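Some notes on the structure that comes next.
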Amino acid sequence: MAVEHVTSSGNVFADLGLSDPEGRLVKSKLAAALQRSMGELGLTQTAASARMGMPQPKLSKILRGRFDGISEAYITDGLRKLGHDVEIWVRPRHEGIGAVRVLETA
């Protein structure tokens with residue numbers, strides 16, 4: 001039996017044909033950064049949600065990749081409250097549709 005091999009576009013959400021794949025990818029990378037930060041700080045969901053001023057069920061939803069009704073700004077605000085600097089850059093205009101990227105530094 002042959003196994004079909006498909007090369008990824010680099011965005012699993014686009015590969016799956018989901019709506020707003022770029023937004024979903026950005027939110028998932030921000031959520032991953034949030035998860036790593038909680039681990040580094042040794043915070044439970046309860047402690048992290050209190051520190052961020054975010055209801056624990058909403059934090060749980062974010063960490064499980066359930067982003068309906070959750071904005072990128074909401075997640076970045078949580079990162080800021082955990083002590084992270086979050087920068088947003090707008091680069092010069094070019095032809096076509098621009099991209100959104102999440103870049104982490106050590």
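In the structure tokens, the first chain shown is A, the next is B, and so on; residue numbers restart at 1 for each chain, and ligands run from 1 in the order shown.
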Exercise for the section: Please give the complete set of residues from chain A that DSSP, run on the backbone, assigns to helix (DSSP H, G or I), formatted as a ChimeraX atom specification. Expected result: /A:12-15,21-41,45-52,56-63,72-81
Handout entry: Nearby residues (only C-alpha atoms) at most 12 Å from A:Arg36, same-chain spacing under 4 positions excluded, as a PyMOL selection string
Key = chain A and resi 29-32+40-44+48+63+79+82+84+104+106
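Distance annotation: of A:Ser8, A:Ser28, A:Ser37, A:Ser60, the residue with the minimal separation from A:Glu72 is A:Ser28; atom set is only C-alpha atoms.
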Practice task
Determine, counting only C-alpha atoms, which protein, DNA and RNA residues have an atom within 10 Å of an atom of A:Phe13; residues of the same chain fewer than 5 positions away are not included. Present the result as number ranges by chain.
Solution key: A: 18-25
Handout entry: Close residues, A:Val6 itself excluded, 12 Å, only C-alpha atoms, min 6 positions apart in chain, as number ranges by chain
Key = A: 12, 15-16
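Computed from the coordinates, the atom CA of A:Arg51 to atom CA of A:Lys81 distance equals 6.9 Å.
Minimum atom-to-atom distance to A:Trp89, evaluated using only C-alpha atoms, belongs to A:Arg101 out of A:Arg101, A:Ala50, A:Met38, A:Thr7.
Between atom CA of A:Asn11 and atom CA of A:Glu87 there is a distance of 22.1 Å.
Across A:Ala14, A:Val90, A:His5, A:Val26, the tightest approach to A:Phe67 is made by A:Val26 when counting only C-alpha atoms.
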Practice task
Give me, please, the distance in Å between atom CA of A:Gly69 and atom CA of A:Arg91, quoted to one decimal.
Solution key: 27.3 Å
